[in-house]
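The structure under discussion appears below in the form of structure tokens.
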Amino acid sequence: MKRKARVYLDTAQHSMLKQIVDGDEVWYLLSQSQTVFKKISATLVAKYEQARRGEAPRGTGGKWEAVADICLSMYKVQEGSPKASLECDLNPFLLVCGKCKAFAHDGICKHVLAVTHEMMGALPIESRSSENNLKYMLKSIGKRRKKTSGRPQRVTPALVPSRHLENEDSSDEEEEAMRRIEDGEAW
Ligand SMILES: [Zn+2]
């Protein structure tokens, strides 16, 4: 789920669209399982909202298949009432993902994780929580795995350039990057 949420961040330009409706943020995310639409757009969102209202979206001529494609093209994420979402650290903004089976079942989904990452990243540094940073979540998972697969390191003979040390340099960099994300400096 986290990896798939990360895909949204990497492709945000064409997979995520934010609109402000009555002062509230409403996010639309292109469904990752559909293949009809390559990118999300305000036009597609308008058609999706028409379909949700029970109107025939423009340009479909009311044809069932075309309407179904639009209905299945995206997910809509927005702040809900406290009753509509489970309070948990992964969903601090109490977002709700409409018509999403995963959300209905688990109270969390890749769409909510991706939007939470974006919303949290838009806050001032001191208000950010790295717990909601998808890059951080995925990095720390990788880290833990690394530790458990500890194969004994072979001793490098003297005067031979040590690969072990090179690795250590890169993991220092990684750790520094991790620290910056942890502190909310980097997002
Ligand atoms: Zn969802």
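Chain identifiers are assigned as A, B, and so on, following the order in which chains appear in the structure tokens; residues are numbered from 1 within each chain, and ligands are numbered from 1 in order of appearance.
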
Next on the checklist: Residues near A:Ser85, anyone? I mean within 12 Å using only C-alpha atoms, not counting same-chain ones fewer than 6 positions away, as a list of chain:residue names.
Outcome noted: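 The residues that qualify are A:Val77, A:Gln78, A:Glu79, A:Asn91, A:Pro92, A:Phe93, A:Leu94, A:Leu95, A:Val96, A:Cys97, A:Gly98, A:Phe103, A:Ala104, A:His105, A:Asp106, A:Gly107, A:Ile108, A:Cys109, A:Val112.
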
Please write the residues from the selection above to a file, keeping N, CA and C atoms, as a PDB file, in the first residue's frame.
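Generated file (part-v3.pdb):
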```pdb
ATOM      1  N   VAL A  77     -10.648  12.197  -2.391  1.00  0.00           N
ATOM      2  CA  VAL A  77     -10.239  12.211  -0.985  1.00  0.00           C
ATOM      3  C   VAL A  77     -10.471  13.597  -0.407  1.00  0.00           C
ATOM      4  N   GLN A  78     -11.130  13.651   0.732  1.00  0.00           N
ATOM      5  CA  GLN A  78     -11.346  14.941   1.382  1.00  0.00           C
ATOM      6  C   GLN A  78     -11.525  14.736   2.885  1.00  0.00           C
ATOM      7  N   GLU A  79     -11.452  15.838   3.609  1.00  0.00           N
ATOM      8  CA  GLU A  79     -11.656  15.733   5.049  1.00  0.00           C
ATOM      9  C   GLU A  79     -13.101  15.355   5.313  1.00  0.00           C
ATOM     10  N   ASN A  91      -3.613   8.892   9.549  1.00  0.00           N
ATOM     11  CA  ASN A  91      -4.648   9.736   8.944  1.00  0.00           C
ATOM     12  C   ASN A  91      -4.969  10.929   9.855  1.00  0.00           C
ATOM     13  N   PRO A  92      -3.967  11.786  10.105  1.00  0.00           N
ATOM     14  CA  PRO A  92      -4.157  12.865  11.071  1.00  0.00           C
ATOM     15  C   PRO A  92      -5.159  13.923  10.617  1.00  0.00           C
ATOM     16  N   PHE A  93      -5.382  14.036   9.314  1.00  0.00           N
ATOM     17  CA  PHE A  93      -6.331  15.043   8.820  1.00  0.00           C
ATOM     18  C   PHE A  93      -7.754  14.480   8.722  1.00  0.00           C
ATOM     19  N   LEU A  94      -7.920  13.271   9.207  1.00  0.00           N
ATOM     20  CA  LEU A  94      -9.225  12.598   9.156  1.00  0.00           C
ATOM     21  C   LEU A  94      -9.818  12.629   7.754  1.00  0.00           C
ATOM     22  N   LEU A  95      -9.015  12.181   6.805  1.00  0.00           N
ATOM     23  CA  LEU A  95      -9.470  12.150   5.417  1.00  0.00           C
ATOM     24  C   LEU A  95     -10.370  10.952   5.178  1.00  0.00           C
ATOM     25  N   VAL A  96     -11.185  11.094   4.153  1.00  0.00           N
ATOM     26  CA  VAL A  96     -12.078  10.012   3.758  1.00  0.00           C
ATOM     27  C   VAL A  96     -11.885   9.790   2.266  1.00  0.00           C
ATOM     28  N   CYS A  97     -11.803   8.531   1.862  1.00  0.00           N
ATOM     29  CA  CYS A  97     -11.657   8.201   0.445  1.00  0.00           C
ATOM     30  C   CYS A  97     -12.970   7.563  -0.015  1.00  0.00           C
ATOM     31  N   GLY A  98     -13.721   8.333  -0.773  1.00  0.00           N
ATOM     32  CA  GLY A  98     -15.059   7.887  -1.173  1.00  0.00           C
ATOM     33  C   GLY A  98     -15.020   6.715  -2.143  1.00  0.00           C
ATOM     34  N   PHE A 103     -10.389   1.610   1.690  1.00  0.00           N
ATOM     35  CA  PHE A 103     -10.666   2.541   2.786  1.00  0.00           C
ATOM     36  C   PHE A 103     -11.861   2.069   3.607  1.00  0.00           C
ATOM     37  N   ALA A 104     -12.907   1.616   2.911  1.00  0.00           N
ATOM     38  CA  ALA A 104     -14.110   1.160   3.614  1.00  0.00           C
ATOM     39  C   ALA A 104     -13.777  -0.020   4.515  1.00  0.00           C
ATOM     40  N   HIS A 105     -12.845  -0.853   4.062  1.00  0.00           N
ATOM     41  CA  HIS A 105     -12.512  -2.064   4.797  1.00  0.00           C
ATOM     42  C   HIS A 105     -11.508  -1.803   5.916  1.00  0.00           C
ATOM     43  N   ASP A 106     -10.460  -1.020   5.610  1.00  0.00           N
ATOM     44  CA  ASP A 106      -9.360  -0.873   6.559  1.00  0.00           C
ATOM     45  C   ASP A 106      -9.305   0.497   7.236  1.00  0.00           C
ATOM     46  N   GLY A 107     -10.065   1.455   6.722  1.00  0.00           N
ATOM     47  CA  GLY A 107     -10.000   2.799   7.288  1.00  0.00           C
ATOM     48  C   GLY A 107      -8.771   3.571   6.851  1.00  0.00           C
ATOM     49  N   ILE A 108      -8.015   2.990   5.945  1.00  0.00           N
ATOM     50  CA  ILE A 108      -6.833   3.674   5.395  1.00  0.00           C
ATOM     51  C   ILE A 108      -6.611   3.100   4.002  1.00  0.00           C
ATOM     52  N   CYS A 109      -5.988   3.859   3.124  1.00  0.00           N
ATOM     53  CA  CYS A 109      -5.725   3.350   1.774  1.00  0.00           C
ATOM     54  C   CYS A 109      -4.587   4.165   1.166  1.00  0.00           C
ATOM     55  N   VAL A 112      -5.349   7.916   0.636  1.00  0.00           N
ATOM     56  CA  VAL A 112      -5.279   8.752   1.842  1.00  0.00           C
ATOM     57  C   VAL A 112      -3.815   8.976   2.243  1.00  0.00           C
TER      58      VAL A 112
END
```

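Taking the backbone of this structure through DSSP, the residues of stretch 13-155 of chain A that come out as strand (DSSP E or B) are Met16, Leu17, Lys18, Gln19, Ile20, Val21, Asp24, Glu25, Val26, Trp27, Tyr28, Leu29, Leu30, Met74, Tyr75, Lys76, Val77, Gln78, Glu79, Leu95, Val96, Cys97 and Gly98 of chain A.
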
Checklist entry - Which residue out of A:Ser81, A:Thr116, A:Asn132, A:Ser41 has the minimum interatomic distance to ligand 1 when only C-alpha atoms and all ligand atoms are used? => result A:Thr116

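Distance annotation: of A:Ser171, A:Asn133, A:Ser31, A:Gln19, the residue with the minimal separation from ligand 1 is A:Ser31; atom set is only C-alpha atoms and all ligand atoms.
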
Checklist entry - What residues in chain A get the DSSP label helix (DSSP H, G or I)? Please answer as a ChimeraX atom specification. => result /A:2-10,12-15,42-52,64-71,82-84,101-106,110-121,125-127,130-132,134-148,163-182

Please produce a file of those selected residues containing C-alpha atoms, as a compact mmCIF listing (two decimals), in the first residue's frame.
```
# COMPACT_ATOMS: atom_id res chain seq x y z
CA LYS A 2 2.80 2.43 0.89
CA ARG A 3 4.70 1.68 -2.29
CA LYS A 4 1.62 2.24 -4.41
CA ALA A 5 0.96 5.47 -2.54
CA ARG A 6 4.53 6.50 -3.33
CA VAL A 7 3.80 5.97 -7.04
CA TYR A 8 1.23 8.77 -6.74
CA LEU A 9 3.88 11.14 -5.44
CA ASP A 10 6.29 10.23 -8.20
CA ALA A 12 1.69 13.53 -9.01
CA GLN A 13 1.62 15.87 -12.00
CA HIS A 14 -0.66 13.60 -13.92
CA SER A 15 -2.14 11.40 -11.20
CA ALA A 42 -9.98 19.42 -14.40
CA THR A 43 -12.16 18.40 -17.35
CA LEU A 44 -12.13 14.74 -16.31
CA VAL A 45 -12.85 15.72 -12.71
CA ALA A 46 -15.82 17.81 -13.85
CA LYS A 47 -17.19 14.82 -15.77
CA TYR A 48 -16.62 12.56 -12.75
CA GLU A 49 -18.57 14.97 -10.54
CA GLN A 50 -21.37 15.08 -13.12
CA ALA A 51 -21.57 11.28 -13.01
CA ARG A 52 -21.63 11.33 -9.20
CA TRP A 64 -23.20 3.35 -20.13
CA GLU A 65 -19.67 2.18 -20.95
CA ALA A 66 -18.31 5.69 -21.31
CA VAL A 67 -19.97 6.75 -18.07
CA ALA A 68 -18.63 3.68 -16.26
CA ASP A 69 -15.09 4.47 -17.45
CA ILE A 70 -15.39 7.93 -15.91
CA CYS A 71 -16.87 6.61 -12.66
CA PRO A 82 -14.62 12.48 12.71
CA LYS A 83 -17.25 9.75 12.51
CA ALA A 84 -16.43 8.96 8.89
CA LYS A 101 -13.03 -0.55 -1.02
CA ALA A 102 -9.70 -0.54 0.78
CA PHE A 103 -10.67 2.54 2.79
CA ALA A 104 -14.11 1.16 3.61
CA HIS A 105 -12.51 -2.06 4.80
CA ASP A 106 -9.36 -0.87 6.56
CA LYS A 110 -2.95 4.38 -0.61
CA HIS A 111 -4.98 7.41 -1.70
CA VAL A 112 -5.28 8.75 1.84
CA LEU A 113 -1.57 8.09 2.47
CA ALA A 114 -0.56 9.99 -0.69
CA VAL A 115 -2.80 12.97 0.06
CA THR A 116 -1.71 13.05 3.71
CA HIS A 117 1.93 13.18 2.56
CA GLU A 118 1.15 16.17 0.33
CA MET A 119 -0.91 18.01 2.94
CA MET A 120 1.66 17.42 5.67
CA GLY A 121 4.47 18.58 3.35
CA ILE A 125 8.45 22.53 9.04
CA GLU A 126 7.74 22.55 12.79
CA SER A 127 4.24 21.19 12.27
CA SER A 130 7.73 12.46 9.50
CA GLU A 131 5.42 9.57 10.31
CA ASN A 132 3.30 10.77 7.42
CA LEU A 134 5.94 8.27 2.55
CA LYS A 135 9.60 8.54 1.63
CA TYR A 136 10.46 8.18 5.30
CA MET A 137 8.08 5.26 5.78
CA LEU A 138 9.59 3.39 2.87
CA LYS A 139 13.16 4.22 3.84
CA SER A 140 12.76 3.04 7.40
CA ILE A 141 11.23 -0.21 6.18
CA GLY A 142 14.27 -0.76 3.94
CA LYS A 143 16.57 0.02 6.85
CA ARG A 144 15.02 -2.49 9.16
CA ARG A 145 15.25 -5.20 6.51
CA LYS A 146 18.88 -4.41 5.95
CA LYS A 147 19.69 -4.99 9.59
CA THR A 148 18.02 -8.37 9.84
CA ARG A 163 34.59 -1.45 -0.18
CA HIS A 164 33.19 -1.62 3.31
CA LEU A 165 34.25 1.97 3.93
CA GLU A 166 32.76 3.15 0.63
CA ASN A 167 29.48 1.61 1.66
CA GLU A 168 29.69 3.32 4.97
CA ASP A 169 30.04 6.70 3.25
CA SER A 170 26.90 6.17 1.26
CA SER A 171 24.98 5.01 4.30
CA ASP A 172 26.17 8.15 6.12
CA GLU A 173 24.60 10.18 3.35
CA GLU A 174 21.48 8.11 3.60
CA GLU A 175 21.35 8.67 7.32
CA GLU A 176 21.77 12.40 6.87
CA ALA A 177 18.95 12.44 4.32
CA MET A 178 16.87 10.41 6.74
CA ARG A 179 17.58 12.81 9.58
CA ARG A 180 16.51 15.77 7.44
CA ILE A 181 13.25 14.03 6.64
CA GLU A 182 12.81 13.06 10.28
```

Item to check | For A:Met16, the nearest of the candidates A:Arg53, A:Lys39, A:Lys99, A:Arg58, counting only C-alpha atoms | outcome: A:Lys39

Item to check | Best match for closeness to ligand 1 among A:Gln32, A:Thr60, A:Ser129, A:Thr11, counting only C-alpha atoms and all ligand atoms | outcome: A:Gln32

Next on the checklist: I'd like to know which of A:Ile40, A:Tyr28, A:Ala122, A:Gly62 is closest to ligand 1, using only C-alpha atoms and all ligand atoms.
Outcome noted: A:Tyr28
